[in-house]
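Q: Contents are PDB, C-alpha atoms; file name protein_1.pdb:
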MODEL        1
ATOM      1  CA  MET K   1     -37.453 -15.337  29.783
ATOM      2  CA  SER K   2     -34.321 -13.255  30.296
ATOM      3  CA  TYR K   3     -32.721 -12.583  33.656
ATOM      4  CA  SER K   4     -29.960 -10.290  34.757
ATOM      5  CA  THR K   5     -26.604 -12.033  34.618
ATOM      6  CA  SER K   6     -26.125 -11.533  38.353
ATOM      7  CA  ARG K   7     -28.908 -14.097  38.962
ATOM      8  CA  TYR K   8     -26.663 -16.781  37.438
ATOM      9  CA  ASN K   9     -23.417 -16.157  39.261
ATOM     10  CA  HIS K  10     -24.109 -19.174  41.531
ATOM     11  CA  LEU K  11     -24.097 -21.580  38.523
ATOM     12  CA  THR K  12     -20.929 -23.426  37.583
ATOM     13  CA  ASP K  13     -19.260 -22.836  34.226
ATOM     14  CA  ASN K  14     -20.549 -26.159  32.916
ATOM     15  CA  GLU K  15     -24.095 -25.365  34.051
ATOM     16  CA  LEU K  16     -23.932 -22.016  32.252
ATOM     17  CA  VAL K  17     -22.718 -23.758  29.083
ATOM     18  CA  GLN K  18     -25.522 -26.337  29.314
ATOM     19  CA  HIS K  19     -28.185 -23.664  29.879
ATOM     20  CA  TYR K  20     -26.850 -21.698  26.899
ATOM     21  CA  LYS K  21     -26.952 -24.797  24.685
ATOM     22  CA  ALA K  22     -30.502 -25.560  25.795
ATOM     23  CA  THR K  23     -31.923 -22.040  25.510
ATOM     24  CA  ALA K  24     -29.518 -20.097  23.231
ATOM     25  CA  ASP K  25     -29.956 -17.245  25.719
ATOM     26  CA  LYS K  26     -26.828 -15.107  25.492
ATOM     27  CA  VAL K  27     -27.153 -14.082  29.121
ATOM     28  CA  PHE K  28     -25.384 -17.331  30.091
ATOM     29  CA  VAL K  29     -22.385 -16.524  27.872
ATOM     30  CA  GLY K  30     -22.528 -13.022  29.382
ATOM     31  CA  GLU K  31     -21.969 -14.545  32.827
ATOM     32  CA  LEU K  32     -19.002 -16.509  31.480
ATOM     33  CA  TYR K  33     -17.717 -13.292  29.911
ATOM     34  CA  LYS K  34     -17.827 -11.539  33.294
ATOM     35  CA  ARG K  35     -15.913 -14.408  34.901
ATOM     36  CA  TYR K  36     -13.171 -14.757  32.304
ATOM     37  CA  THR K  37     -12.699 -11.372  30.642
ATOM     38  CA  HIS K  38      -9.577 -10.668  32.700
ATOM     39  CA  LEU K  39      -8.057 -14.039  31.741
ATOM     40  CA  VAL K  40      -8.817 -13.618  28.041
ATOM     41  CA  LEU K  41      -7.623 -10.003  28.055
ATOM     42  CA  GLY K  42      -4.362 -11.016  29.746
ATOM     43  CA  MET K  43      -3.752 -13.742  27.178
ATOM     44  CA  CYS K  44      -4.541 -11.376  24.306
ATOM     45  CA  ILE K  45      -2.199  -8.699  25.664
ATOM     46  CA  ASN K  46       0.490 -11.367  25.930
ATOM     47  CA  TYR K  47       0.041 -12.246  22.240
ATOM     48  CA  PHE K  48      -0.599  -8.806  20.712
ATOM     49  CA  LYS K  49       1.415  -6.568  23.067
ATOM     50  CA  ASP K  50      -1.155  -3.800  22.531
ATOM     51  CA  ARG K  51      -3.979  -3.260  25.007
ATOM     52  CA  ASP K  52      -6.398  -1.728  22.469
ATOM     53  CA  VAL K  53      -5.881  -4.547  19.977
ATOM     54  CA  ALA K  54      -6.240  -7.048  22.817
ATOM     55  CA  LYS K  55      -9.575  -5.515  23.877
ATOM     56  CA  ASP K  56     -10.870  -5.854  20.321
ATOM     57  CA  MET K  57      -9.769  -9.474  20.253
ATOM     58  CA  VAL K  58     -11.553 -10.216  23.550
ATOM     59  CA  LEU K  59     -14.831  -9.061  22.030
ATOM     60  CA  GLN K  60     -14.250 -11.136  18.901
ATOM     61  CA  ILE K  61     -13.446 -14.204  20.961
ATOM     62  CA  PHE K  62     -16.595 -13.965  23.048
ATOM     63  CA  GLU K  63     -18.646 -13.361  19.889
ATOM     64  CA  LYS K  64     -17.110 -16.553  18.535
ATOM     65  CA  LEU K  65     -18.181 -18.434  21.662
ATOM     66  CA  PHE K  66     -21.863 -18.052  20.762
ATOM     67  CA  ASP K  67     -21.359 -20.398  17.806
ATOM     68  CA  GLU K  68     -18.584 -22.564  19.213
ATOM     69  CA  LEU K  69     -20.413 -23.487  22.401
ATOM     70  CA  LYS K  70     -23.367 -24.762  20.373
ATOM     71  CA  LYS K  71     -21.110 -27.070  18.338
ATOM     72  CA  ARG K  72     -18.712 -28.373  21.005
ATOM     73  CA  GLU K  73     -18.929 -30.591  24.049
ATOM     74  CA  VAL K  74     -17.146 -28.646  26.762
ATOM     75  CA  GLU K  75     -16.246 -30.440  29.979
ATOM     76  CA  ASN K  76     -13.806 -27.928  31.453
ATOM     77  CA  PHE K  77     -14.786 -24.463  30.256
ATOM     78  CA  LYS K  78     -11.695 -22.617  31.503
ATOM     79  CA  ALA K  79      -9.283 -25.070  29.859
ATOM     80  CA  TRP K  80     -11.322 -25.082  26.677
ATOM     81  CA  LEU K  81     -11.482 -21.281  26.669
ATOM     82  CA  THR K  82      -7.703 -20.941  27.004
ATOM     83  CA  PHE K  83      -7.346 -23.350  24.061
ATOM     84  CA  VAL K  84      -9.810 -21.268  21.979
ATOM     85  CA  VAL K  85      -8.072 -18.004  22.915
ATOM     86  CA  ARG K  86      -4.613 -19.371  22.072
ATOM     87  CA  ASN K  87      -5.733 -20.672  18.682
ATOM     88  CA  PHE K  88      -7.652 -17.506  17.885
ATOM     89  CA  CYS K  89      -4.698 -15.265  18.768
ATOM     90  CA  ILE K  90      -2.248 -17.354  16.752
ATOM     91  CA  SER K  91      -4.619 -17.330  13.789
ATOM     92  CA  GLU K  92      -5.074 -13.555  13.997
ATOM     93  CA  LEU K  93      -1.318 -12.992  14.310
ATOM     94  CA  ARG K  94      -0.781 -15.102  11.189
ATOM     95  CA  LYS K  95      -3.409 -13.066   9.330
ATOM     96  CA  MET K  96      -1.744  -9.851  10.469
ATOM     97  CA  GLN K  97       1.677 -11.169   9.454
ATOM     98  CA  THR K  98       0.328 -12.240   6.060
ATOM     99  CA  ALA K  99      -1.275  -8.831   5.560
ATOM    100  CA  GLN K 100       1.950  -7.134   6.637
ATOM    101  CA  ASN K 101       3.983  -9.325   4.271
ATOM    102  CA  ARG K 102       1.597  -8.530   1.423
ATOM    103  CA  ASN K 103       1.923  -4.852   2.199
ATOM    104  CA  ILE K 104       5.715  -5.113   2.229
ATOM    105  CA  GLU K 105       5.635  -7.002  -1.074
ATOM    106  CA  TYR K 106       3.279  -4.400  -2.529
ATOM    107  CA  GLN K 107       5.545  -1.539  -1.389
ATOM    108  CA  TYR K 108       8.546  -3.393  -2.853
ATOM    109  CA  GLU K 109       6.721  -3.840  -6.172
ATOM    110  CA  LEU K 110       5.823  -0.143  -6.206
ATOM    111  CA  LYS K 111       9.457   0.812  -5.611
ATOM    112  CA  CYS K 112      10.650  -1.591  -8.307
ATOM    113  CA  GLN K 113       8.086  -0.164 -10.711
ATOM    114  CA  ALA K 114       9.182   3.371  -9.874
ATOM    115  CA  ILE K 115      12.812   2.418 -10.520
ATOM    116  CA  GLU K 116      11.844   0.785 -13.835
ATOM    117  CA  ASP K 117       9.804   3.832 -14.800
ATOM    118  CA  GLU K 118      12.755   6.077 -13.976
ATOM    119  CA  LYS K 119      15.083   3.870 -16.045
ATOM    120  CA  GLU K 120      12.623   3.999 -18.952
ATOM    121  CA  LYS K 121      12.452   7.784 -18.676
ATOM    122  CA  GLN K 122      16.235   7.941 -18.653
ATOM    123  CA  VAL K 123      16.483   5.614 -21.663
ATOM    124  CA  ASP K 124      13.683   7.529 -23.362
ATOM    125  CA  GLY K 125      15.500  10.791 -22.645
ATOM    126  CA  GLU K 126      18.756   9.354 -23.984
ATOM    127  CA  GLN K 127      16.959   8.138 -27.109
ATOM    128  CA  LYS K 128      15.449  11.579 -27.618
ATOM    129  CA  ILE K 129      18.873  13.173 -27.279
ATOM    130  CA  GLU K 130      20.319  10.690 -29.798
ATOM    131  CA  ALA K 131      17.436  11.368 -32.180
ATOM    132  CA  LEU K 132      17.971  15.099 -31.780
ATOM    133  CA  GLU K 133      21.705  14.761 -32.436
ATOM    134  CA  LYS K 134      21.032  12.682 -35.579
ATOM    135  CA  ALA K 135      18.444  15.187 -36.738
ATOM    136  CA  MET K 136      20.815  18.102 -36.124
ATOM    137  CA  GLU K 137      23.367  16.436 -38.422
ATOM    138  CA  ARG K 138      20.796  16.473 -41.226
ATOM    139  CA  LEU K 139      20.088  20.219 -40.975
ATOM    140  CA  HIS K 140      21.592  22.769 -43.306
ATOM    141  CA  PRO K 141      24.886  23.938 -41.722
ATOM    142  CA  PHE K 142      23.683  27.539 -41.174
ATOM    143  CA  GLN K 143      20.450  26.339 -39.476
ATOM    144  CA  LYS K 144      22.419  23.934 -37.286
ATOM    145  CA  LYS K 145      24.874  26.652 -36.291
ATOM    146  CA  CYS K 146      22.131  29.159 -35.364
ATOM    147  CA  ILE K 147      20.116  26.571 -33.391
ATOM    148  CA  GLU K 148      23.193  25.403 -31.463
ATOM    149  CA  LEU K 149      24.179  28.967 -30.583
ATOM    150  CA  PHE K 150      20.642  30.041 -29.634
ATOM    151  CA  TYR K 151      19.448  26.945 -27.704
ATOM    152  CA  LEU K 152      22.608  25.234 -26.503
ATOM    153  CA  LYS K 153      24.837  28.276 -25.902
ATOM    154  CA  ASN K 154      21.930  30.573 -24.880
ATOM    155  CA  MET K 155      23.133  33.368 -27.149
ATOM    156  CA  SER K 156      20.875  36.228 -28.229
ATOM    157  CA  TYR K 157      20.070  37.058 -31.851
ATOM    158  CA  LEU K 158      22.524  39.982 -31.766
ATOM    159  CA  GLN K 159      25.332  37.827 -30.343
ATOM    160  CA  ILE K 160      24.737  35.270 -33.108
ATOM    161  CA  VAL K 161      24.767  38.070 -35.730
ATOM    162  CA  GLU K 162      28.113  39.321 -34.389
ATOM    163  CA  LEU K 163      29.615  35.803 -34.315
ATOM    164  CA  THR K 164      28.354  34.534 -37.676
ATOM    165  CA  GLY K 165      27.977  37.642 -39.803
ATOM    166  CA  TYR K 166      24.393  36.707 -40.719
ATOM    167  CA  SER K 167      21.735  39.410 -40.598
ATOM    168  CA  VAL K 168      19.160  39.458 -37.769
ATOM    169  CA  ASN K 169      16.426  38.361 -40.188
ATOM    170  CA  GLU K 170      18.610  35.494 -41.448
ATOM    171  CA  VAL K 171      19.306  34.323 -37.875
ATOM    172  CA  LYS K 172      15.587  34.412 -37.033
ATOM    173  CA  SER K 173      14.730  32.600 -40.239
ATOM    174  CA  TYR K 174      17.443  29.942 -39.799
ATOM    175  CA  ILE K 175      16.273  29.240 -36.220
ATOM    176  CA  GLN K 176      12.581  29.119 -37.176
ATOM    177  CA  ASN K 177      13.148  26.949 -40.265
ATOM    178  CA  GLY K 178      15.698  24.822 -38.427
ATOM    179  CA  LYS K 179      13.181  24.069 -35.639
ATOM    180  CA  ARG K 180      10.529  23.107 -38.179
ATOM    181  CA  ASN K 181      13.011  20.905 -40.088
ATOM    182  CA  LEU K 182      14.188  19.263 -36.846
ATOM    183  CA  LYS K 183      10.626  18.380 -35.963
ATOM    184  CA  MET K 184      10.027  16.834 -39.399
ATOM    185  CA  ILE K 185      13.312  14.894 -39.309
ATOM    186  CA  ILE K 186      12.683  13.546 -35.779
ATOM    187  CA  THR K 187       9.136  12.543 -36.730
ATOM    188  CA  SER K 188      10.446  10.674 -39.770
ATOM    189  CA  LEU K 189      13.003   8.808 -37.604
ATOM    190  CA  LYS K 190      10.318   7.251 -35.415
TER     191      LYS K 190
ENDMDL
END
Is it possible to express this structure as structure tokens?

A:
Amino acid sequence: MSYSTSRYNHLTDNELVQHYKATADKVFVGELYKRYTHLVLGMCINYFKDRDVAKDMVLQIFEKLFDELKKREVENFKAWLTFVVRNFCISELRKMQTAQNRNIEYQYELKCQAIEDEKEKQVDGEQKIEALEKAMERLHPFQKKCIELFYLKNMSYLQIVELTGYSVNEVKSYIQNGKRNLKMIITSLK
């Protein structure tokens, strides 16, 4: 048999607790909720400094009361409630702090990994340059000269012809064969 909560506003806190324990009718906790929402909300705002978070916590606290009141002997409901609220808020703040610390640690690890990856890329790039330089030393001198002028000095075929005296076909051939030889030499160095 369920009644509107306004029918129970004449009962004391302890009577409401006893009726709830006897019947498990949530209407009795609802009456306590009406009486103490402002107190619990004020305490939660004090702990969390955010009204929306505090409102969420109030609901969680009163949900928790359904189980807690069944398990506990409560002589002074208001004092007991302030104790429950304080402990709940401290526990939630610790969870939030732990989650925040984990997030900070995770972000730190990501940054460290990014730095390591960048260092590896730099080392890898330096190793590739060293391998290329070693491979260039093993090319035929005319291939090396044409590749250096074409790729490193950004000269055209005609400019290379003028500088070296090679024919256009020779320059093209030296560059093409030099690239193929470089690839084979670098592959053999690995």

Q: So which residues get picked by the PyMOL selection byres ((chain K and resi 135) around 9) here, written as a PyMOL selection string?

A: chain K and resi 130-134+136-139+181-186+189

Q: I'd like the contact shell of K:Asn46 - 12 Å cut-off, all atoms listed in the file, skipping same-chain residues fewer than 5 positions apart - returned as a list in words.

A: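 Non-adjacent residues within range: Leu39, Val40, Leu41, Arg51, Val53, Ala54, Lys55, Met57, Val85, Arg86, Cys89, Ile90 and Leu93 of chain K.
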
Q: Go ahead and dump the residues you just picked, C-alpha atoms, as a PDB file, in the coordinates of the input.

A:
ATOM      1  CA  LEU K  39      -8.057 -14.039  31.741  1.00  0.00           C
ATOM      2  CA  VAL K  40      -8.817 -13.618  28.041  1.00  0.00           C
ATOM      3  CA  LEU K  41      -7.623 -10.003  28.055  1.00  0.00           C
ATOM      4  CA  ARG K  51      -3.979  -3.260  25.007  1.00  0.00           C
ATOM      5  CA  VAL K  53      -5.881  -4.547  19.977  1.00  0.00           C
ATOM      6  CA  ALA K  54      -6.240  -7.048  22.817  1.00  0.00           C
ATOM      7  CA  LYS K  55      -9.575  -5.515  23.877  1.00  0.00           C
ATOM      8  CA  MET K  57      -9.769  -9.474  20.253  1.00  0.00           C
ATOM      9  CA  VAL K  85      -8.072 -18.004  22.915  1.00  0.00           C
ATOM     10  CA  ARG K  86      -4.613 -19.371  22.072  1.00  0.00           C
ATOM     11  CA  CYS K  89      -4.698 -15.265  18.768  1.00  0.00           C
ATOM     12  CA  ILE K  90      -2.248 -17.354  16.752  1.00  0.00           C
ATOM     13  CA  LEU K  93      -1.318 -12.992  14.310  1.00  0.00           C
TER      14      LEU K  93
END

Q: Residues near K:Ile160, anyone? I mean within 8 Å using all atoms listed in the file, not counting same-chain ones fewer than 5 positions away, as a VMD selection string.

A: chain K and resid 146 149 to 150 155 165 to 166 171

Q: Using only C-alpha atoms, which of the listed residues (K:Asp13, K:Glu120, K:Glu162, K:Asp25) sits closest to K:Phe66?

A: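 Distance minimum relative to K:Phe66 lands on K:Asp25.
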
Q: Atom CA of K:Cys44 and atom CA of K:Leu16, how far apart in Å?

A: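 Atom-to-atom, atom CA of K:Leu16 to atom CA of K:Cys44, that is 23.5 Å.
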
Q: Residues picked by the PyMOL selection byres ((chain K and resi 30) around 12) here, as JSON, numbers by chain?

A: {"K": [2, 3, 4, 5, 6, 7, 8, 9, 13, 16, 17, 20, 24, 25, 26, 27, 28, 29, 31, 32, 33, 34, 35, 36, 37, 59, 62, 63, 65, 66]}

Q: In Å, how far is it from atom CA of K:Glu75 to atom CA of K:Glu15?

A: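 These atoms are spaced 10.2 Å apart.
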
Q: Quick one: pull the distance between atom CA of K:Asn154 and atom CA of K:Gln127, Å, one decimal.

A: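 Computing it gives 23.1 Å between the two atoms.
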